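S.K.: Sharing a structure here in structure tokens format.
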2 protein chains.
Amino acid sequence: MTGKRYVSSTDVARLAGVSQSAVSRTYTEGASVSPTTREKVLAAARALGYRPNFLPQALMSSRSHLVAVAVGGITNPFYASVLEQFATALQEAGQQVVLIQIDNDYALDAVLDRIAGYRVDALVSSLAVLSTETAHALSDLRIPVVCFNGRIRAAWVSCVSMDNLQAGAMAADHLREAGGRRFAFLGGPPDSPASQDRQAGFEHQLQRLRLPKPLVLPGDFSYEAGHAAATRLVAADPRPDAVACVNDLSALGLLDGLRRAGLRSPDDVRLLGYDNIGIAAWSAYELTSFDQNVPEMIRRTLRLILDDNAADEARQGVLETVPARLVIRCTTGRAGAPCLGI
Amino acid sequence: MTGKRYVSSTDVARLAGVSQSAVSRTYTEGASVSPTTREKVLAAARALGYRPNFLPQALMSSRSHLVAVAVGGITNPFYASVLEQFATALQEAGQQVVLIQIDNDYALDAVLDRIAGYRVDALVSSLAVLSTETAHALSDLRIPVVCFNGRIRAAWVSCVSMDNLQAGAMAADHLREAGGRRFAFLGGPPDSPASQDRQAGFEHQLQRLRLPKPLVLPGDFSYEAGHAAATRLVAADPRPDAVACVNDLSALGLLDGLRRAGLRSPDDVRLLGYDNIGIAAWSAYELTSFDQNVPEMIRRTLRLILDDNAADEARQGVLETVPARLVIRCTTGRAGAPCLGI
């Protein structure tokens with residue numbers, strides 16, 4: 001596209017019959033400008049549709065008020081909700097969000113040039129930083145970086161996570177209390193720290209309770225993977241009667257797959273997930289789930305990236321965990337009260 | 001947060017023992033710099049973790065390569081999917097997305113200062129521009145603005161929409177062919193152009209077919225509104241047996257509400273929605289839906305905001321429509337084959 005865009009401060013100065021510096025001072029808080037000049041500038045700005053330009057100040061002050069938010073797969077309702085809450089909170093704090101959409105095809109370090117190019121003040125990533133190489137490249141930017149549900153800590157790189165080990169253990173306790181005797185774990189991508197920790201906490205607690213090892217079903221966080229896992233679960237002998245799923249989306253797929261096979265929840269199979277997405281409460285599912293307390297995770301993240309009092313922590317990098325909260329619904333409810341009252 | 005961030009070109013120049021201008025030329029395509037100098041600069045940049053700054057060029061060239069994308073309610077899976085596809089396409093075109101999250105509480109014109117402040121090259125909005133005042137304020141920015149599923153056209157302001165009138169008429173035809181005799185329309189927010197047009201197309205086609213007027217149920221695009229509408233539908237006398245829902249999310253709520261009331265689809269109530277979100281295909285629902293052909297809508301939008309050949313159209317503002325595609329699933333399928341094979 002060619003041609004001139006946006007009315008400039010020079011255009012306003014010309015119409016108002018004042019200097020460009022007078023226009024600039026009119027829009028700078030605390031700067032000195034006479035009431036008459038100010039009035040002329042504002043009238044000309046209104047007439048021309050002028051809006052101040054933030055870029056010069058971003059260049060001068062080394063604060064762009066831009067925060068990069070990296071996400072992969074916002075069609076997962078959990079990440080959509082996290083992004084929405086983040087964007088709202090950052091806007092309220094006077095920051096603007098630069099959205100970095102990352103496919104599974106390429107990693108965070110492939111987009112560092114673009115993140116750095118706009119001199120963003122901080123980076124928040126819903127993707128875990130998986131390699132120390134990426135962590136060091138992020139350290140070199142010397143801006144606060146916060147990852148959700150990761151485990152790597154480096155200079156300038158922090159993680160804010162649900163306590164996944166504890167939440168895994170809580171799943172074992174709850175499924176046993178709900179009457180489960182033969183357990184299974186539906187996993188996520190093998191390199192996901194959240195999946196690894198939920199599974200480790202689950203297995204460790206079963207061991208402590210002197211219960212048999214769980215059947216581990218492979219998955220990838222998707223509805224489709226959960227649906228496919230149902231076939232393997234139904235064919236298992238003995239068939240598990242209690243399944244902890246690494247997230248809600250795959251739990252919903254598993255539940256639909258079990259129903260297709262003629263099984264009912266909770267009577268035949270007790271089931272729970274993680275994330276507490278909105279759909280978990282829909283009356284076709286009523287899925288028991290762990291709530292990650294996203295508002296608290298966002299509060300801690302904003303503190304690390306925006307609060308001067310947290311500057312030392314942000315520079316060193318910290319690991320913070322937020323306790324999970326169990327939301328009990330029909331899929332681990334009382335026997336004889338089948339889900340989906342239809 | 002205080003302290004210096006990001007390695008600057010001056011830092012690199014000092015370490016390399018060259019001028020700052022030599023650093024700048026090394027990173028400017030086509031600029032002249034000797035191989036020796038270039039090598040010194042790149043070595044110093046690697047040692048310091050330097051990344052080029054895009055902001056000076058954004059200021060000089062009046063092209064920021066930033067595109068603002070305004071969304072409201074990305075927890076609606078349709079908008080999450082639209083945003084994901086947009087962000088991917090814009091990144092591939094070398095643009096970066098500034099995400100503007102808009103609550104229902106305030107309108108697009110409340111965030112114009114922030115959009116203009118970063119001198120974005122274009123604005124794409126998943127929210128319809130509703131008032132001529134907002135349209136004129138957008139015209140004043142003199143950048144291409146494209147709204148999804150809106151109707152207002154002004155200088156610099158275009159809309160790319162599904163053909164909502166046609167898709168409303170197609171719903172009437174399809175529900176009648178599926179055996180419907182008494183019709184209902186579950187609506188969206190009253191000021192939504194998409195909702196208005198789908199309803200108008202639906203009612204007009206019923207009239208053409210000499211069928212009775214539909215019962216109109218109020219809604220707001222949400223699952224909860226659909227669930228609540230089920231109570232009204234069940235109580236209606238005569239009870240409608242074919243419902244066009246303004247979007248999938250409210251159709252899924254209506255379907256769950258009908259099941260709770262002991263009704264089955266398609267035998268008791270034929271049902272369809274709009275958007276063809278992923279959940280519509282889940283085996284608990286198998287909802288018939290209209291696909292908006294989002295990839296085509298995105299292609300047309302990118303042309304209007306990025307293609308020099310479309311500059312005149314973008315400046316004048318155009319209305320473009322994309323035909324809807326009906327995806328037939330169980331909820332309007334053959335009688336005696338109930339959805340949710342469980």
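In the structure tokens, each chain is lettered A, B, ... as it comes, each chain's residues begin at 1, and ligands are numbered from 1 in order of appearance.
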Once you count only C-alpha atoms, what closest atom pair and distance in Å to one decimal does each residue of chain A within 7 Å of chain B have, with rows by chain and rising residue number, as CSV?
M.R.:
```
residue,atom,partner,partner_atom,distance
A:Met1,CA,B:Asp308,CA,4.4
A:Thr2,CA,B:Asp308,CA,6.9
A:Arg5,CA,B:Arg142,CA,5.4
A:Tyr6,CA,B:Leu141,CA,5.5
A:Gly49,CA,B:Asp140,CA,5.5
A:Arg51,CA,B:Asp113,CA,6.1
A:Pro52,CA,B:Gly117,CA,5.7
A:Asn53,CA,B:Gly117,CA,4.4
A:Phe54,CA,B:Gly117,CA,4.8
A:Leu55,CA,B:Tyr118,CA,6.0
A:Leu59,CA,B:Leu55,CA,6.8
A:Ile74,CA,B:Ala80,CA,6.0
A:Thr75,CA,B:Ala80,CA,5.5
A:Pro77,CA,B:Thr75,CA,6.3
A:Ala80,CA,B:Thr75,CA,5.6
A:Ser81,CA,B:Thr75,CA,5.7
A:Glu84,CA,B:Ile74,CA,6.6
A:Ala87,CA,B:Gln101,CA,6.1
A:Thr88,CA,B:Gln101,CA,6.3
A:Val97,CA,B:Leu99,CA,5.4
A:Val98,CA,B:Val98,CA,4.5
A:Leu99,CA,B:Val97,CA,5.4
A:Gln101,CA,B:Ala87,CA,6.1
A:Asp113,CA,B:Arg51,CA,6.1
A:Ala116,CA,B:Arg51,CA,6.2
A:Gly117,CA,B:Asn53,CA,4.4
A:Tyr118,CA,B:Phe54,CA,5.7
A:Arg119,CA,B:Asn53,CA,6.7
A:Asp140,CA,B:Gly49,CA,5.5
A:Leu141,CA,B:Tyr6,CA,5.5
A:Arg142,CA,B:Arg5,CA,5.4
A:Ile143,CA,B:Arg5,CA,6.3
A:Asp256,CA,B:Ala284,CA,6.2
A:Arg259,CA,B:Ile342,CA,5.1
A:Arg260,CA,B:Ile342,CA,5.3
A:Gly262,CA,B:Ile342,CA,6.0
A:Ser283,CA,B:Asp256,CA,6.2
A:Ala284,CA,B:Asp256,CA,6.2
A:Leu306,CA,B:Met1,CA,6.2
A:Asp307,CA,B:Met1,CA,6.1
A:Asp308,CA,B:Met1,CA,4.4
A:Ala311,CA,B:Met1,CA,5.9
A:Gly341,CA,B:Arg260,CA,6.0
A:Ile342,CA,B:Arg259,CA,5.1
```
S.K.: Give me, as an MDAnalysis selection string, the residues of region 26-202 of chain A that a backbone DSSP run labels strand (DSSP E or B).
M.R.: chainID A and resid 66:71 96:101 122:125 145:148 154 157:162 183:186
S.K.: If I take CA of Cys245 (chain A) and CA of Leu165 (chain A), how far is one from the other in Å, to one decimal?
M.R.: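 Computed distance, CA of Cys245 (chain A) to CA of Leu165 (chain A), equals 14.0 Å.
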S.K.: Do you know which residues are at most 8 Å from Pro193 (chain A) counting only C-alpha atoms, after dropping those on the same chain fewer than 5 positions away, and could you put them as a list of chain:residue names?
M.R.: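 The residues that qualify are A:Ala128, A:Asn149, A:Gly150, A:Arg151.
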S.K.: Store the residues picked out above in a file with C-alpha atoms, as a PDB file, in the first residue's frame.
M.R.:
```
ATOM      1  CA  ALA A 128       6.991 -23.851  28.088  1.00  0.00           C
ATOM      2  CA  ASN A 149       3.538 -24.294  33.314  1.00  0.00           C
ATOM      3  CA  GLY A 150       7.232 -24.639  32.532  1.00  0.00           C
ATOM      4  CA  ARG A 151      10.168 -25.712  34.683  1.00  0.00           C
TER       5      ARG A 151
END
```
S.K.: Using only C-alpha atoms, can you tell me which of A:Asn247, A:Asn164, A:Ser19, A:Gln196 comes closest to Ala280 (chain A)?
M.R.: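 Answer, going by the shortest atom-to-atom distance: A:Asn247.
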S.K.: Name the residues of region 11-92 of chain A that fall into helix (DSSP H, G or I) according to DSSP on the backbone, using the chain letters and numbers of this document, as a compact mmCIF listing (two decimals) with C-alpha atoms, in the first residue's frame.
M.R.:
```
# COMPACT_ATOMS: atom_id res chain seq x y z
CA ASP A 11 0.30 18.80 9.82
CA VAL A 12 -1.25 19.93 13.11
CA ALA A 13 1.46 22.59 13.67
CA ARG A 14 0.91 24.02 10.18
CA LEU A 15 -2.87 24.33 10.60
CA ALA A 16 -2.57 25.72 14.14
CA GLN A 20 5.94 21.29 15.86
CA SER A 21 7.51 21.40 19.31
CA ALA A 22 4.41 23.19 20.64
CA VAL A 23 2.27 20.30 19.36
CA SER A 24 4.63 17.82 20.98
CA ARG A 25 4.51 19.66 24.32
CA THR A 26 0.73 19.80 24.24
CA PRO A 35 -3.27 27.96 27.30
CA THR A 36 -3.73 29.84 23.99
CA THR A 37 -1.24 27.67 22.10
CA ARG A 38 -2.70 24.54 23.64
CA GLU A 39 -6.21 25.54 22.53
CA LYS A 40 -5.01 26.20 18.95
CA VAL A 41 -3.26 22.82 18.84
CA LEU A 42 -6.26 20.89 20.14
CA ALA A 43 -8.63 22.61 17.68
CA ALA A 44 -6.34 21.79 14.74
CA ALA A 45 -5.92 18.20 15.98
CA ARG A 46 -9.69 17.76 16.17
CA ALA A 47 -10.18 19.20 12.70
CA LEU A 48 -7.56 16.86 11.20
CA LEU A 55 6.79 5.39 18.70
CA PRO A 56 9.23 8.31 19.28
CA GLN A 57 8.78 8.00 23.04
CA ALA A 58 9.20 4.22 22.84
CA LEU A 59 12.55 4.83 21.10
CA MET A 60 13.74 7.53 23.53
CA SER A 61 12.66 6.02 26.84
CA PRO A 77 -10.37 -23.13 25.10
CA PHE A 78 -7.97 -23.06 28.05
CA TYR A 79 -5.41 -21.00 26.14
CA ALA A 80 -8.12 -18.81 24.63
CA SER A 81 -9.28 -17.98 28.14
CA VAL A 82 -5.72 -17.35 29.39
CA LEU A 83 -5.02 -15.04 26.43
CA GLU A 84 -8.26 -13.13 26.95
CA GLN A 85 -7.58 -12.59 30.64
CA PHE A 86 -3.96 -11.58 29.95
CA ALA A 87 -4.85 -9.12 27.22
CA THR A 88 -7.49 -7.52 29.45
CA ALA A 89 -5.11 -7.24 32.42
CA LEU A 90 -2.25 -5.86 30.33
CA GLN A 91 -4.49 -3.28 28.66
CA GLU A 92 -5.72 -2.18 32.08
```
S.K.: Go through A:Phe290, A:Gly168, A:Thr332, A:Arg239 one by one, measure the shortest atom-to-atom distance of each to His204 (chain A) using only C-alpha atoms, and give the residue with the smallest value.
M.R.: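 Of the candidates, the smallest distance to His204 (chain A) is held by A:Gly168.
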S.K.: Rounded to one decimal, what separation in Å do you get between CA of Ala184 (chain B) and CA of Met170 (chain B)?
M.R.: 14.4 Å
S.K.: With only C-alpha atoms as the atoms that count, which of B:Leu217, B:Ala236, B:Cys159, B:Leu206 lies nearest to Leu319 (chain B)?
M.R.: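 When distances to Leu319 (chain B) are compared using only C-alpha atoms, the smallest one comes from B:Cys159.
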S.K.: Would you mind listing what lies within 9 Å of Pro214 (chain B) as a PyMOL selection string, with only C-alpha atoms counted and same-chain residues fewer than 4 positions away left out?
M.R.: chain B and resi 182-185+202-203+206+240+243
S.K.: Go ahead and write the residues just picked, N, CA and C atoms, as an mmCIF file, in the first residue's frame.
M.R.:
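Final file, out-v9.cif:
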```cif
data_model
loop_
_atom_site.group_PDB
_atom_site.id
_atom_site.type_symbol
_atom_site.label_atom_id
_atom_site.label_comp_id
_atom_site.auth_asym_id
_atom_site.auth_seq_id
_atom_site.Cartn_x
_atom_site.Cartn_y
_atom_site.Cartn_z
ATOM 1 N N ARG B 182 -42.883 -26.759 11.939
ATOM 2 C CA ARG B 182 -43.109 -25.586 12.803
ATOM 3 C C ARG B 182 -41.733 -25.036 13.184
ATOM 4 N N PHE B 183 -41.468 -23.791 12.803
ATOM 5 C CA PHE B 183 -40.101 -23.276 12.832
ATOM 6 C C PHE B 183 -39.848 -22.297 13.982
ATOM 7 N N ALA B 184 -38.586 -22.232 14.392
ATOM 8 C CA ALA B 184 -38.170 -21.236 15.386
ATOM 9 C C ALA B 184 -36.801 -20.703 14.998
ATOM 10 N N PHE B 185 -36.487 -19.477 15.449
ATOM 11 C CA PHE B 185 -35.164 -18.888 15.248
ATOM 12 C C PHE B 185 -34.639 -18.452 16.603
ATOM 13 N N PHE B 202 -33.944 -16.024 6.885
ATOM 14 C CA PHE B 202 -34.725 -17.184 7.326
ATOM 15 C C PHE B 202 -36.224 -16.898 7.214
ATOM 16 N N GLU B 203 -36.652 -15.755 7.757
ATOM 17 C CA GLU B 203 -38.075 -15.401 7.756
ATOM 18 C C GLU B 203 -38.587 -15.177 6.337
ATOM 19 N N LEU B 206 -39.059 -18.527 4.567
ATOM 20 C CA LEU B 206 -40.253 -19.234 5.063
ATOM 21 C C LEU B 206 -41.503 -18.654 4.422
ATOM 22 N N PRO B 240 -42.305 -25.912 18.308
ATOM 23 C CA PRO B 240 -41.555 -25.987 17.048
ATOM 24 C C PRO B 240 -40.779 -27.300 16.952
ATOM 25 N N VAL B 243 -35.361 -25.734 14.428
ATOM 26 C CA VAL B 243 -34.822 -24.474 14.940
ATOM 27 C C VAL B 243 -33.534 -24.102 14.223
#
```
S.K.: Considering only C-alpha atoms, state which residue in the set B:Ser192, B:Gln207, B:Ser34, B:Thr321 is at the smallest distance from Leu127 (chain B).
M.R.: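 Result for the nearest residue to Leu127 (chain B): B:Ser192.
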S.K.: Fewer than 4 positions away in the same chain doesn't count, so skip those; otherwise give me all residues within 12 Å of Glu177 (chain A), counting only C-alpha atoms, as a CSV table (one decimal) with C-alpha atoms, in the first residue's frame.
M.R.:
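Contents of selection.csv, freshly written:
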```csv
chain,number,residue,atom,x,y,z
A,170,MET,CA,-4.7,-35.1,44.4
A,171,ALA,CA,-6.2,-36.9,41.3
A,172,ALA,CA,-5.1,-40.3,42.7
A,173,ASP,CA,-6.6,-39.5,46.1
A,181,ARG,CA,-9.7,-49.5,41.9
A,209,LEU,CA,-1.4,-45.7,48.6
A,242,ALA,CA,-10.7,-44.6,37.0
A,270,ARG,CA,-14.6,-42.4,36.8
A,328,ILE,CA,-16.0,-32.1,41.6
A,332,THR,CA,-16.5,-38.6,39.8
A,333,GLY,CA,-19.9,-38.2,41.5
A,334,ARG,CA,-21.9,-40.8,43.3
A,335,ALA,CA,-22.6,-44.2,41.7
```
S.K.: Contacts of Val318 (chain B) at 9 Å or less, counting only C-alpha atoms, minus same-chain residues fewer than 6 places along, as a PyMOL selection string?
M.R.: chain B and resi 153-160
